[in-house]
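The file query-v7.csv comes next; it holds CSV, C-alpha atoms and all ligand atoms.
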chain,number,residue,atom,x,y,z
A,1,MET,CA,-149.6,-146.1,-106.5
A,2,ARG,CA,-147.3,-146.5,-109.5
A,3,ALA,CA,-148.6,-145.2,-112.9
A,4,VAL,CA,-147.5,-144.4,-116.4
A,5,VAL,CA,-147.7,-140.6,-116.7
A,6,PHE,CA,-147.0,-138.2,-119.6
A,7,GLU,CA,-146.6,-134.5,-119.3
A,8,ARG,CA,-146.4,-133.6,-123.1
A,9,TYR,CA,-147.9,-135.1,-126.2
A,10,GLY,CA,-145.5,-137.4,-128.1
A,11,GLU,CA,-142.7,-137.1,-125.5
A,12,PRO,CA,-141.7,-140.2,-123.5
A,13,ALA,CA,-144.1,-141.2,-120.7
A,14,GLU,CA,-142.6,-142.3,-117.4
A,15,VAL,CA,-143.5,-144.6,-114.5
A,16,ARG,CA,-143.8,-142.8,-111.2
A,17,GLU,CA,-145.6,-142.6,-107.9
A,18,VAL,CA,-148.8,-140.7,-107.9
A,19,ALA,CA,-151.7,-140.3,-105.4
A,20,ASP,CA,-154.1,-143.2,-105.2
A,21,PRO,CA,-157.6,-142.5,-106.7
A,22,ALA,CA,-160.7,-142.3,-104.5
A,23,PRO,CA,-164.2,-143.5,-105.7
A,24,ALA,CA,-166.9,-141.1,-106.6
A,25,GLU,CA,-170.2,-141.6,-104.8
A,26,HIS,CA,-171.5,-143.6,-107.7
A,27,GLY,CA,-168.2,-145.1,-108.7
A,28,VAL,CA,-165.6,-147.6,-107.6
A,29,VAL,CA,-161.8,-147.9,-107.5
A,30,VAL,CA,-160.5,-151.1,-109.2
A,31,ARG,CA,-157.1,-152.7,-108.4
A,32,VAL,CA,-155.9,-153.2,-112.0
A,33,GLU,CA,-154.7,-156.8,-112.6
A,34,ALA,CA,-154.4,-156.5,-116.4
A,35,THR,CA,-154.8,-153.7,-118.9
A,36,GLY,CA,-154.4,-153.8,-122.7
A,37,LEU,CA,-152.2,-151.6,-124.8
A,38,CYS,CA,-154.2,-150.2,-127.7
A,39,ARG,CA,-153.7,-148.0,-130.7
A,40,SER,CA,-156.2,-145.5,-129.1
A,41,ASP,CA,-153.7,-145.1,-126.3
A,42,TRP,CA,-151.1,-144.1,-128.8
A,43,HIS,CA,-153.5,-141.6,-130.5
A,44,GLY,CA,-154.1,-140.1,-127.1
A,45,TRP,CA,-150.4,-139.9,-126.3
A,46,MET,CA,-149.8,-138.2,-129.7
A,47,GLY,CA,-152.4,-135.5,-128.8
A,48,HIS,CA,-155.1,-136.7,-131.2
A,49,ASP,CA,-157.8,-136.8,-128.5
A,50,PRO,CA,-159.3,-133.5,-127.4
A,51,ASP,CA,-160.7,-135.1,-124.2
A,52,ILE,CA,-157.2,-135.5,-122.7
A,53,THR,CA,-155.7,-132.9,-120.3
A,54,LEU,CA,-152.1,-133.0,-119.1
A,55,PRO,CA,-150.5,-134.6,-117.1
A,56,HIS,CA,-152.2,-137.8,-118.1
A,57,VAL,CA,-152.3,-141.5,-117.3
A,58,PRO,CA,-153.5,-143.6,-120.3
A,59,GLY,CA,-155.2,-147.1,-120.3
A,60,HIS,CA,-158.8,-148.1,-121.0
A,61,GLU,CA,-158.9,-151.9,-121.5
A,62,LEU,CA,-158.8,-153.2,-118.0
A,63,ALA,CA,-159.8,-155.9,-115.7
A,64,GLY,CA,-159.3,-156.3,-112.0
A,65,VAL,CA,-160.7,-156.5,-108.5
A,66,ILE,CA,-162.9,-153.9,-106.8
A,67,GLU,CA,-160.8,-152.2,-104.1
A,68,ALA,CA,-163.3,-149.6,-102.8
A,69,VAL,CA,-166.9,-148.6,-103.6
A,70,GLY,CA,-168.7,-145.2,-103.4
A,71,ALA,CA,-171.4,-144.5,-100.9
A,72,ARG,CA,-174.3,-144.9,-103.4
A,73,VAL,CA,-173.0,-148.2,-104.9
A,74,THR,CA,-175.1,-151.1,-103.8
A,75,GLY,CA,-174.7,-153.7,-106.6
A,76,HIS,CA,-170.9,-154.3,-106.3
A,77,ARG,CA,-168.5,-154.8,-103.4
A,78,PRO,CA,-164.8,-155.0,-102.8
A,79,GLY,CA,-163.3,-158.2,-104.0
A,80,ASP,CA,-165.6,-158.6,-107.1
A,81,ARG,CA,-163.8,-159.4,-110.3
A,82,VAL,CA,-164.8,-156.9,-113.0
A,83,THR,CA,-164.1,-155.4,-116.4
A,84,VAL,CA,-165.7,-152.3,-118.0
A,85,PRO,CA,-166.5,-151.0,-121.5
A,86,PHE,CA,-164.1,-148.2,-122.5
A,87,VAL,CA,-167.2,-146.0,-122.9
A,88,CYS,CA,-168.5,-145.6,-119.3
A,89,ALA,CA,-172.1,-144.3,-119.5
A,90,CYS,CA,-173.9,-141.9,-117.3
A,91,GLY,CA,-177.0,-144.1,-117.0
A,92,SER,CA,-179.5,-141.2,-117.2
A,93,CYS,CA,-179.3,-139.5,-120.6
A,94,PRO,CA,-181.7,-140.2,-123.5
A,95,ALA,CA,-179.1,-142.5,-125.2
A,96,CYS,CA,-178.7,-144.5,-122.0
A,97,ALA,CA,-182.5,-144.7,-121.5
A,98,ALA,CA,-182.7,-146.2,-125.0
A,99,GLY,CA,-180.1,-148.8,-124.1
A,100,ASP,CA,-177.4,-147.2,-126.2
A,101,GLN,CA,-174.8,-146.7,-123.5
A,102,GLN,CA,-172.0,-147.0,-126.0
A,103,VAL,CA,-172.9,-143.5,-127.3
A,104,CYS,CA,-173.9,-142.0,-124.0
A,105,GLU,CA,-174.2,-138.2,-124.1
A,106,ARG,CA,-172.3,-137.7,-120.9
A,107,GLN,CA,-169.8,-140.6,-121.2
A,108,THR,CA,-166.5,-140.9,-119.4
A,109,GLN,CA,-163.6,-142.9,-120.7
A,110,PRO,CA,-160.8,-144.0,-118.4
A,111,GLY,CA,-157.5,-143.1,-120.0
A,112,PHE,CA,-159.1,-140.3,-122.0
A,113,THR,CA,-161.6,-138.1,-120.0
A,114,HIS,CA,-159.8,-139.0,-116.7
A,115,TRP,CA,-156.8,-141.0,-115.6
A,116,GLY,CA,-156.8,-144.6,-116.9
A,117,SER,CA,-155.5,-148.0,-116.1
A,118,PHE,CA,-151.8,-147.9,-116.9
A,119,ALA,CA,-151.6,-147.8,-113.1
A,120,GLN,CA,-152.1,-150.0,-110.1
A,121,TYR,CA,-155.6,-148.5,-109.4
A,122,VAL,CA,-158.2,-146.8,-111.5
A,123,ALA,CA,-161.4,-144.9,-110.6
A,124,LEU,CA,-164.5,-145.8,-112.6
A,125,ASP,CA,-167.7,-143.8,-112.7
A,126,HIS,CA,-171.4,-144.9,-112.5
A,127,ALA,CA,-170.5,-148.5,-111.4
A,128,GLU,CA,-174.0,-149.8,-111.5
A,129,VAL,CA,-174.3,-149.0,-115.3
A,130,ASN,CA,-170.8,-149.9,-116.4
A,131,LEU,CA,-169.3,-152.8,-114.4
A,132,VAL,CA,-169.3,-156.2,-116.0
A,133,PRO,CA,-168.7,-159.2,-113.7
A,134,VAL,CA,-165.8,-161.4,-114.9
A,135,PRO,CA,-166.4,-165.2,-114.4
A,136,PRO,CA,-163.8,-166.9,-112.3
A,137,GLU,CA,-162.7,-169.1,-115.3
A,138,LEU,CA,-161.7,-166.0,-117.3
A,139,SER,CA,-158.2,-164.7,-116.7
A,140,PHE,CA,-157.7,-161.0,-116.1
A,141,ALA,CA,-155.5,-160.7,-119.2
A,142,THR,CA,-158.3,-162.2,-121.4
A,143,ALA,CA,-161.0,-160.1,-119.7
A,144,ALA,CA,-158.9,-157.0,-120.2
A,145,SER,CA,-158.7,-157.7,-124.0
A,146,LEU,CA,-162.5,-157.8,-124.1
A,147,GLY,CA,-162.9,-154.2,-122.9
A,148,CYS,CA,-162.1,-152.4,-126.1
A,149,ARG,CA,-160.9,-154.4,-129.1
A,150,PHE,CA,-162.9,-157.6,-128.7
A,151,ALA,CA,-166.2,-156.1,-127.6
A,152,THR,CA,-165.8,-153.4,-130.2
A,153,ALA,CA,-165.2,-156.0,-132.9
A,154,PHE,CA,-168.1,-158.1,-131.6
A,155,ARG,CA,-170.5,-155.2,-131.9
A,156,ALA,CA,-169.1,-154.2,-135.3
A,157,VAL,CA,-169.5,-157.7,-136.8
A,158,VAL,CA,-172.7,-158.9,-135.1
A,159,ALA,CA,-174.8,-155.9,-134.2
A,160,GLN,CA,-173.7,-153.1,-136.7
A,161,GLY,CA,-172.5,-155.3,-139.6
A,162,ARG,CA,-175.5,-157.8,-139.1
A,163,THR,CA,-173.2,-160.5,-140.4
A,164,ALA,CA,-175.1,-163.6,-141.5
A,165,PRO,CA,-173.7,-167.2,-142.1
A,166,GLY,CA,-172.3,-167.6,-145.5
A,167,GLU,CA,-171.7,-163.9,-146.2
A,168,TRP,CA,-168.3,-162.6,-147.1
A,169,VAL,CA,-166.7,-160.3,-144.5
A,170,ALA,CA,-163.6,-158.3,-145.4
A,171,VAL,CA,-161.4,-157.1,-142.5
A,172,HIS,CA,-159.0,-154.3,-143.4
A,173,GLY,CA,-156.2,-154.1,-140.8
A,174,CYS,CA,-155.3,-157.2,-138.7
A,175,GLY,CA,-154.0,-155.7,-135.5
A,176,GLY,CA,-155.8,-156.4,-132.2
A,177,VAL,CA,-159.3,-155.3,-133.2
A,178,GLY,CA,-159.0,-156.7,-136.8
A,179,LEU,CA,-157.9,-160.1,-135.6
A,180,SER,CA,-160.8,-160.1,-133.1
A,181,ALA,CA,-163.2,-159.3,-136.0
A,182,VAL,CA,-161.7,-162.1,-138.1
A,183,MET,CA,-162.3,-164.6,-135.3
A,184,ILE,CA,-165.8,-163.4,-134.5
A,185,ALA,CA,-166.9,-163.2,-138.1
A,186,ALA,CA,-165.6,-166.7,-138.8
A,187,ALA,CA,-167.3,-168.0,-135.7
A,188,SER,CA,-170.5,-166.4,-137.0
A,189,GLY,CA,-170.3,-168.6,-140.1
A,190,ALA,CA,-169.1,-165.9,-142.4
A,191,ARG,CA,-166.3,-166.3,-145.0
A,192,VAL,CA,-163.5,-163.9,-144.1
A,193,VAL,CA,-161.1,-162.0,-146.3
A,194,ALA,CA,-158.3,-160.5,-144.2
A,195,VAL,CA,-156.3,-157.6,-145.6
A,196,ASP,CA,-153.1,-156.3,-144.1
A,197,VAL,CA,-149.6,-155.2,-145.2
A,198,SER,CA,-147.9,-157.6,-142.8
A,199,PRO,CA,-147.5,-161.3,-143.7
A,200,ALA,CA,-147.2,-162.1,-139.9
A,201,ALA,CA,-150.6,-160.5,-139.3
A,202,LEU,CA,-152.1,-162.4,-142.2
A,203,ASP,CA,-150.7,-165.7,-140.8
A,204,LEU,CA,-152.5,-165.0,-137.6
A,205,ALA,CA,-155.7,-164.0,-139.5
A,206,ARG,CA,-155.6,-167.4,-141.3
A,207,LYS,CA,-155.1,-169.1,-137.9
A,208,PHE,CA,-158.1,-167.3,-136.5
A,209,GLY,CA,-160.4,-168.4,-139.4
A,210,ALA,CA,-159.8,-166.2,-142.4
A,211,ALA,CA,-160.6,-168.1,-145.6
A,212,GLU,CA,-158.6,-165.7,-147.8
A,213,CYS,CA,-155.8,-163.2,-147.3
A,214,VAL,CA,-154.8,-160.1,-149.3
A,215,ASP,CA,-151.3,-158.7,-148.8
A,216,ALA,CA,-152.1,-155.1,-149.4
A,217,SER,CA,-148.4,-154.3,-149.9
A,218,ALA,CA,-148.2,-156.8,-152.8
A,219,VAL,CA,-151.3,-155.8,-154.8
A,220,ALA,CA,-152.0,-152.6,-156.7
A,221,ASP,CA,-155.6,-152.3,-155.4
A,222,PRO,CA,-156.6,-154.3,-152.3
A,223,ALA,CA,-160.3,-153.5,-152.9
A,224,GLN,CA,-160.1,-155.1,-156.4
A,225,ALA,CA,-158.4,-158.1,-154.8
A,226,VAL,CA,-161.3,-158.4,-152.3
A,227,ARG,CA,-163.9,-158.1,-155.1
A,228,GLU,CA,-162.3,-160.8,-157.1
A,229,LEU,CA,-161.9,-163.2,-154.2
A,230,THR,CA,-165.5,-162.7,-153.1
A,231,GLY,CA,-167.2,-162.9,-156.5
A,232,GLY,CA,-168.1,-159.3,-156.7
A,233,GLY,CA,-167.4,-157.8,-153.3
A,234,ALA,CA,-167.9,-158.4,-149.6
A,235,HIS,CA,-171.3,-158.2,-147.9
A,236,VAL,CA,-169.7,-156.6,-144.9
A,237,SER,CA,-166.4,-154.8,-144.7
A,238,LEU,CA,-164.6,-153.4,-141.7
A,239,ASP,CA,-161.9,-150.7,-141.6
A,240,ALA,CA,-160.3,-152.0,-138.4
A,241,LEU,CA,-157.1,-149.9,-138.8
A,242,GLY,CA,-158.5,-146.4,-139.3
A,243,SER,CA,-156.8,-144.6,-142.2
A,244,PRO,CA,-158.1,-142.8,-145.3
A,245,GLY,CA,-156.6,-145.6,-147.4
A,246,THR,CA,-158.1,-148.5,-145.5
A,247,CYS,CA,-161.5,-146.7,-145.2
A,248,ALA,CA,-161.7,-146.2,-148.9
A,249,ALA,CA,-160.5,-149.7,-149.7
A,250,SER,CA,-163.2,-151.1,-147.4
A,251,VAL,CA,-165.9,-149.2,-149.1
A,252,ASN,CA,-164.6,-150.0,-152.6
A,253,GLY,CA,-164.4,-153.7,-151.8
A,254,LEU,CA,-168.1,-154.0,-151.0
A,255,ARG,CA,-170.7,-155.6,-153.3
A,256,ARG,CA,-174.1,-154.0,-154.0
A,257,ARG,CA,-176.0,-153.0,-150.8
A,258,GLY,CA,-173.0,-154.0,-148.7
A,259,ARG,CA,-172.3,-152.6,-145.2
A,260,HIS,CA,-169.1,-150.8,-144.3
A,261,VAL,CA,-168.3,-150.6,-140.6
A,262,GLN,CA,-165.8,-148.0,-139.4
A,263,VAL,CA,-164.0,-149.4,-136.3
A,264,GLY,CA,-160.6,-147.8,-136.4
A,265,LEU,CA,-160.4,-144.2,-135.3
A,266,LEU,CA,-159.8,-141.7,-138.1
A,267,PRO,CA,-158.2,-138.6,-136.7
A,268,SER,CA,-157.3,-135.9,-139.2
A,269,PRO,CA,-156.4,-132.3,-139.0
A,270,THR,CA,-159.8,-131.2,-140.3
A,271,GLY,CA,-161.9,-133.9,-138.7
A,272,VAL,CA,-163.0,-135.0,-142.2
A,273,THR,CA,-162.1,-138.2,-144.0
A,274,PRO,CA,-162.7,-138.6,-147.8
A,275,VAL,CA,-165.1,-141.5,-148.5
A,276,PRO,CA,-166.0,-142.7,-152.0
A,277,MET,CA,-169.6,-141.5,-151.8
A,278,ALA,CA,-170.4,-142.0,-155.5
A,279,ARG,CA,-170.0,-145.7,-154.9
A,280,VAL,CA,-172.1,-145.5,-151.7
A,281,ILE,CA,-175.0,-144.0,-153.8
A,282,ALA,CA,-174.6,-146.2,-156.9
A,283,LEU,CA,-174.4,-149.5,-155.0
A,284,GLU,CA,-176.7,-148.4,-152.1
A,285,LEU,CA,-174.0,-149.1,-149.6
A,286,GLU,CA,-174.5,-148.6,-145.8
A,287,LEU,CA,-171.9,-146.7,-143.8
A,288,LEU,CA,-171.9,-147.6,-140.1
A,289,GLY,CA,-169.9,-146.7,-137.1
A,290,SER,CA,-169.1,-148.9,-134.1
A,291,HIS,CA,-168.1,-147.4,-130.8
A,292,GLY,CA,-167.5,-150.0,-128.2
A,293,MET,CA,-170.3,-151.9,-126.6
A,294,ALA,CA,-172.6,-151.3,-123.7
A,295,ALA,CA,-172.1,-153.3,-120.5
A,296,HIS,CA,-175.5,-154.9,-120.8
A,297,ALA,CA,-174.6,-156.4,-124.2
A,298,TYR,CA,-171.6,-158.4,-122.7
A,299,PRO,CA,-173.4,-161.6,-121.5
A,300,PRO,CA,-173.8,-163.2,-125.0
A,301,LEU,CA,-170.2,-162.4,-125.7
A,302,LEU,CA,-169.0,-163.8,-122.4
A,303,GLU,CA,-171.1,-167.0,-123.0
A,304,LEU,CA,-169.4,-167.6,-126.4
A,305,VAL,CA,-166.0,-167.1,-124.7
A,306,ARG,CA,-166.9,-169.4,-121.8
A,307,ALA,CA,-168.0,-172.1,-124.3
A,308,GLY,CA,-164.7,-171.8,-126.2
A,309,VAL,CA,-166.4,-170.6,-129.5
A,310,LEU,CA,-164.4,-167.4,-129.2
A,311,ARG,CA,-160.9,-167.4,-127.9
A,312,PRO,CA,-159.7,-163.8,-127.1
A,313,ASP,CA,-156.9,-165.4,-125.0
A,314,LEU,CA,-155.2,-166.4,-128.3
A,315,LEU,CA,-155.0,-162.8,-129.3
A,316,VAL,CA,-152.8,-161.9,-126.3
A,317,THR,CA,-149.3,-162.3,-127.7
A,318,SER,CA,-147.2,-160.6,-125.0
A,319,THR,CA,-147.4,-159.6,-121.4
A,320,ILE,CA,-145.3,-156.7,-120.0
A,321,ALA,CA,-144.8,-154.9,-116.8
A,322,LEU,CA,-145.6,-151.2,-116.1
A,323,ASP,CA,-141.9,-150.3,-116.5
A,324,ALA,CA,-141.9,-151.5,-120.1
A,325,THR,CA,-145.1,-149.6,-121.0
A,326,PRO,CA,-143.7,-146.2,-122.0
A,327,SER,CA,-141.5,-147.7,-124.7
A,328,ALA,CA,-144.2,-150.1,-125.9
A,329,LEU,CA,-146.7,-147.1,-126.1
A,330,ALA,CA,-144.2,-145.2,-128.3
A,331,ALA,CA,-143.7,-148.2,-130.5
A,332,MET,CA,-147.4,-148.5,-131.3
A,333,GLY,CA,-147.2,-145.7,-133.9
A,334,SER,CA,-144.7,-147.4,-136.2
A,335,ALA,CA,-145.6,-151.0,-135.4
A,336,PRO,CA,-149.2,-151.6,-134.3
A,337,GLY,CA,-148.3,-155.2,-134.2
A,338,ALA,CA,-150.1,-158.4,-134.7
A,339,GLY,CA,-152.0,-159.5,-131.6
A,340,ALA,CA,-152.4,-157.8,-128.3
A,341,THR,CA,-150.0,-156.7,-125.5
A,342,VAL,CA,-151.3,-156.9,-121.9
A,343,ILE,CA,-149.7,-154.9,-119.1
A,344,GLU,CA,-149.7,-156.3,-115.5
A,345,PRO,CA,-149.2,-153.3,-113.2
A,346,TRP,CA,-148.4,-155.4,-110.1
A,347,VAL,CA,-145.7,-157.6,-111.7
A,401,ZN,ZN,-175.8,-141.5,-120.7
A,402,ZN,ZN,-158.6,-149.9,-127.0
Go through the file and emit its structure as structure tokens.
Amino acid sequence: MRAVVFERYGEPAEVREVADPAPAEHGVVVRVEATGLCRSDWHGWMGHDPDITLPHVPGHELAGVIEAVGARVTGHRPGDRVTVPFVCACGSCPACAAGDQQVCERQTQPGFTHWGSFAQYVALDHAEVNLVPVPPELSFATAASLGCRFATAFRAVVAQGRTAPGEWVAVHGCGGVGLSAVMIAAASGARVVAVDVSPAALDLARKFGAAECVDASAVADPAQAVRELTGGGAHVSLDALGSPGTCAASVNGLRRRGRHVQVGLLPSPTGVTPVPMARVIALELELLGSHGMAAHAYPPLLELVRAGVLRPDLLVTSTIALDATPSALAAMGSAPGAGATVIEPWV
């Protein structure tokens, strides 16, 4: 098969022929019809993810058709349309037993712990726990965009943020996951303040339901701007970018007893990010993480997509071939971009 491979961190990846994967006993091989390009892939390529060993094939937001199933898989068969959360769970650890597969103790992640979906085929483990059927009316490109950014945003806004109608939700960073969060929060009945340094990203945020926008490059203190626009601070605030600056701005833009949800990854040389904890104490803020979404939590999301309440398809702003992926991956660092790019490995 053809795949995007890199041998060294930060050096150009290339498209080349590699061996086809085979399914594990409990796993499947999926023919990849669409796979999203995500900032996490860029972090992995830069060497920020300790799970990756070289050479490596990135890609974790995928949808496609089952090509082969392992001997112990009974619930899925070749030809089924499927997608998968980027956290593939083991199905048997205490976290999985509690229904929290998104924080499985023995998780695998395609494109991180093993070769991913910037390829014509990808192997996925523990199919019975992880595969999500894709309804026929949902395109592969749209389904691929659910796997990471949209599902993650959905869990961050609805489950972790506990967003209620009428509340103010601030979204710091309006790339793929941020715009998804804007759309989901607005559909939940919240009033959304979108914050970004890019006017183009803010235009999209407004289109997807943001009531207010803050151009973080044009104000001295984005958190203060959020507090002023929301009459004292947001009830829920997401750092959808993942940087010390946006993390702190998100916490500082909350009202009393507000909830900060960290969605963007925060790699740092020491593994520690400064957080304004004095404000957390004084205002009784909650700090929450959001790490994907378990396969069993997908049906309510898929129902909202089917009903047209949520439109992840509108977030897909470009479609590229495998050959264009190495340069698009490299460009993620300087220009995360507004909206989502989907790769079609068979085009
Ligand atoms: Zn587990
Ligand atoms: Zn992703």
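With a cut-off of 7 Å and using only C-alpha atoms and all ligand atoms, the polymer residues contacting ligand ZN 401 (chain A) are Ala89, Cys90, Gly91, Ser92, Cys93, Pro94, Ala95, Cys96, Gln101, Cys104, Glu105, Arg106 and Gln107 of chain A.
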Spatial neighbours of Val316 of chain A, 8 Å, all atoms listed in the file, chain gap at least 6 places, as an MDAnalysis selection string: chainID A and resid 141:142 145 339:342
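Relative to atom CA of Gln102 of chain A, atom CA of Arg191 of chain A is found at 27.7 Å.
Note that atom CA of Leu329 of chain A and atom CA of Gly147 of chain A are 18.0 Å apart.
The residue that comes closest to His172 of chain A, out of A:Ser117, A:Asn252, A:Gln160, A:Ser327 and on the basis of all atoms listed in the file, is A:Asn252.
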Kindly work out which residues sit at most 6 Å from ligand ZN 402 (chain A), using only C-alpha atoms and all ligand atoms, and give the list as a tab-separated table (two decimals) with C-alpha atoms, in the coordinates of the input.
chain	number	residue	atom	x	y	z
A	38	CYS	CA	-154.20	-150.20	-127.70
A	40	SER	CA	-156.20	-145.50	-129.10
A	61	GLU	CA	-158.90	-151.90	-121.50
A	148	CYS	CA	-162.10	-152.40	-126.10
A	149	ARG	CA	-160.90	-154.40	-129.10
Polymer residues at most 6 Å from (-172.9, -166.6, -141.5) by all atoms listed in the file, as a ChimeraX atom specification: /A:164-167,188-190
What's the 9 Å shell around Val193 of chain A, counting all atoms listed in the file, without same-chain residues fewer than 5 positions away, as a tab-separated table (two decimals) with C-alpha atoms, in the coordinates of the input?
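What follows is the written file around-v3.tsv:
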chain	number	residue	atom	x	y	z
A	168	TRP	CA	-168.30	-162.60	-147.10
A	169	VAL	CA	-166.70	-160.30	-144.50
A	170	ALA	CA	-163.60	-158.30	-145.40
A	171	VAL	CA	-161.40	-157.10	-142.50
A	172	HIS	CA	-159.00	-154.30	-143.40
A	182	VAL	CA	-161.70	-162.10	-138.10
A	205	ALA	CA	-155.70	-164.00	-139.50
A	210	ALA	CA	-159.80	-166.20	-142.40
A	211	ALA	CA	-160.60	-168.10	-145.60
A	212	GLU	CA	-158.60	-165.70	-147.80
A	213	CYS	CA	-155.80	-163.20	-147.30
A	214	VAL	CA	-154.80	-160.10	-149.30
A	226	VAL	CA	-161.30	-158.40	-152.30
A	229	LEU	CA	-161.90	-163.20	-154.20
A	230	THR	CA	-165.50	-162.70	-153.10
A	234	ALA	CA	-167.90	-158.40	-149.60
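For the pair atom CA of Val129 of chain A and atom CA of Leu62 of chain A, the separation is 16.3 Å.
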Residues within 10 Å of (-151.8, -136.5, -116.5), file coords, all atoms listed in the file, listed as JSON, numbers by chain: {"A": [3, 4, 5, 6, 7, 8, 13, 52, 53, 54, 55, 56, 57, 58, 111, 112, 114, 115, 116]}
Using all atoms listed in the file: which of A:Asp125, A:Glu11, A:Glu344, A:Glu284 has the shortest distance to Met46 of chain A: A:Glu11
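Considering only C-alpha atoms, the residue among A:Ala294, A:Arg16, A:Ala248, A:Thr325 positioned nearest to Ala98 of chain A is A:Ala294.
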Within 7 Å of segment 259-273 of chain A using all atoms listed in the file, minus same-chain residues under 4 positions, as a ChimeraX atom specification: /A:48,156,161,235-244,250-251,285-290
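Of the listed residues A:Gly232, A:Pro23, A:Gly176, A:Pro85, the one whose atoms come nearest to Ala151 of chain A is A:Pro85, with distances taken using only C-alpha atoms.
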